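Engineer: Below you'll find the structure I mean.
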Amino acid sequence: MVHKDRPVHALRLLFYLGTILPDILTRPWYILIPATHDWSFPFHTPAGALLACGILALLFEPGLQKAAFTRLSLGMVLHFILDGFQKQIIGNNFWLYPFSWKDFGYGVLWAGELMRYIPMWIALVVLMELIIAFCRRKQLSG
Amino acid sequence: MNKRRIALLILTMTAAGLCVRSALRHPWTSLNQCLDQPERYDGHEVTQFREPVIGKLFADGFELLQKDGPPVRVYCDTTGLIRGEFVGIRATFHRQGYLDQTYLQIATLRREKMVISVLPAVLVVGLFMCRFRWNRRKFQIEPRDRA
């Protein structure tokens, strides 16, 4: 069933989910059970994360599958672009896995140095949500 | 079996294949691999550790603690090292069971980063569960506000 009247931005939650998907599919497991690192690692590559997006999207009702996949994938892409800024002792940006283990990270800042930008990111997201809420209210009342 | 379930099966099996490939063939050498086969990995560079933390400090190095496994002696310059901090490290393994550091970076604010990372994940997953529900009969995720 297609939700023709569902505003496009109502599914942005899936975009946010996409941005954290590579991490939630890998980090909790190898932090809690370190032996799972080598097994779960592919989900922190574009190929593995894209498969996860596909699997998750297919679990949605048919009318939402395409939109879900698009938003999850876009979020995932943003995750990898931003991860590239983080310096690593060994590579963590294996964008061409399983075809190559070449690291594509640009390594600008260490994780600890990135922390100072978190308030800015939070403020940006909150501002964006406020703008969306304002536009929706205007649209509904107009 | 309908097309959707076949597609799900194919994607899941492909993902499983990627996981197996990564587990069997990866470019990093872990400390646990070296400790299991010290003769084989003598002289190898170790780049994979399990949540490494600085343990006891000595004049010429420190004891590396991992989430699982025994502590391992690391020889390095200890300037700036603080006991209890997470550390990123590359080191050469020796069959006698010690490491010579080749590169070391204190993972500052790692614990804080973990906590901060958990909060948005919990928020997004929580909102997702509030917004969508699992329809067991139809085997699909659908919006909760469906009439």
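Chains: A, B, ... in order of the structure tokens. Residues: from 1 per chain. Ligands: from 1, in order shown.
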With a distance threshold of 6 Å and counting only C-alpha atoms, extract the residues of chain B near chain A and express them as a PyMOL selection string.

Structural biologist: chain B and resi 8+19+22-23+50+108-109+140-142

Engineer: Identify all residues of chain B in strand (DSSP E or B) (DSSP on the backbone) and supply them as a PyMOL selection string.

Structural biologist: chain B and resi 30+45-46+48+53-58+61-65+72-75+86-94+98-106+132-135+140-143

Engineer: Using backbone DSSP assignments, extract all helix (DSSP H, G or I) residues from chain A; output them as a PyMOL selection string.

Structural biologist: chain A and resi 8-24+27-32+34-44+46-58+62-83+111-141

Engineer: What separation in Å, quoted to one decimal, exists between CA of Phe104 in chain A and CA of Leu124 in chain A?

Structural biologist: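 Result for CA of Phe104 in chain A versus CA of Leu124 in chain A: 26.6 Å, one decimal.
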
Engineer: Please report the interatomic distance between CA of Gln66 in chain B and CA of Lys113 in chain B in Å with one decimal.

Structural biologist: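 Atom-to-atom, CA of Gln66 in chain B to CA of Lys113 in chain B, that is 18.9 Å.
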
Engineer: For Leu109 in chain A, find every residue with an atom within 6 Å (counting only C-alpha atoms), except residues of its own chain fewer than 2 positions away, and show them as an NGL selection string.

Structural biologist: :A and (86-87 or 107 or 113)

Engineer: Can you pull out every residue within 7 Å of Lys56 in chain B, counting only C-alpha atoms, but drop anything in the same chain fewer than 4 positions away, and send it as a list in words?

Structural biologist: Phe62, Glu63 and Arg83 of chain B

Engineer: Which one is closest to Phe80 in chain A: A:Phe99, A:Phe15, A:Phe94, A:Tyr117? Count only C-alpha atoms.

Structural biologist: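 Counting only C-alpha atoms, the residue closest to Phe80 in chain A is A:Phe94.
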
Engineer: Residues within 12 Å of range 34-47 of chain B, please, as a PyMOL selection string. Count only C-alpha atoms; anything in the same chain fewer than 3 positions from it doesn't count.

Structural biologist: (chain A and resi 88-92) or (chain B and resi 26-31+50-52+69-72+74+87-104)

Engineer: Write a file of the selected residues as a tab-separated table (two decimals), in the first residue's frame, keeping C-alpha atoms.

Structural biologist:
```
chain	number	residue	atom	x	y	z
A	88	GLN	CA	43.02	5.68	12.49
A	89	ILE	CA	45.99	3.62	13.62
A	90	ILE	CA	45.06	1.10	10.97
A	91	GLY	CA	42.63	1.82	8.19
A	92	ASN	CA	38.92	1.79	8.80
B	26	HIS	CA	41.95	-9.79	6.49
B	27	PRO	CA	45.05	-7.65	6.29
B	28	TRP	CA	45.51	-7.05	10.00
B	29	THR	CA	47.32	-9.24	12.49
B	30	SER	CA	45.79	-9.37	15.94
B	31	LEU	CA	47.66	-9.75	19.19
B	50	ARG	CA	40.87	-5.85	21.74
B	51	GLU	CA	40.06	-2.57	23.51
B	52	PRO	CA	43.69	-2.00	24.55
B	69	GLY	CA	43.64	-12.29	27.09
B	70	PRO	CA	46.71	-11.92	29.26
B	71	PRO	CA	48.57	-8.64	29.79
B	72	VAL	CA	51.44	-8.14	27.37
B	74	VAL	CA	55.18	-3.29	25.49
B	87	VAL	CA	45.51	3.45	23.43
B	88	GLY	CA	45.87	2.96	19.69
B	89	ILE	CA	49.04	1.07	18.91
B	90	ARG	CA	51.04	-0.63	16.21
B	91	ALA	CA	53.82	-2.88	17.45
B	92	THR	CA	56.20	-5.62	16.43
B	93	PHE	CA	55.52	-8.94	18.11
B	94	HIS	CA	58.35	-11.10	19.42
B	95	ARG	CA	57.96	-14.80	20.03
B	96	GLN	CA	59.01	-14.37	23.64
B	97	GLY	CA	55.65	-12.67	24.11
B	98	TYR	CA	56.45	-8.96	24.18
B	99	LEU	CA	55.88	-6.05	21.82
B	100	ASP	CA	58.07	-3.27	20.49
B	101	GLN	CA	55.93	-0.24	19.80
B	102	THR	CA	56.22	1.28	16.31
B	103	TYR	CA	53.40	3.76	16.69
B	104	LEU	CA	51.28	4.80	19.64
```
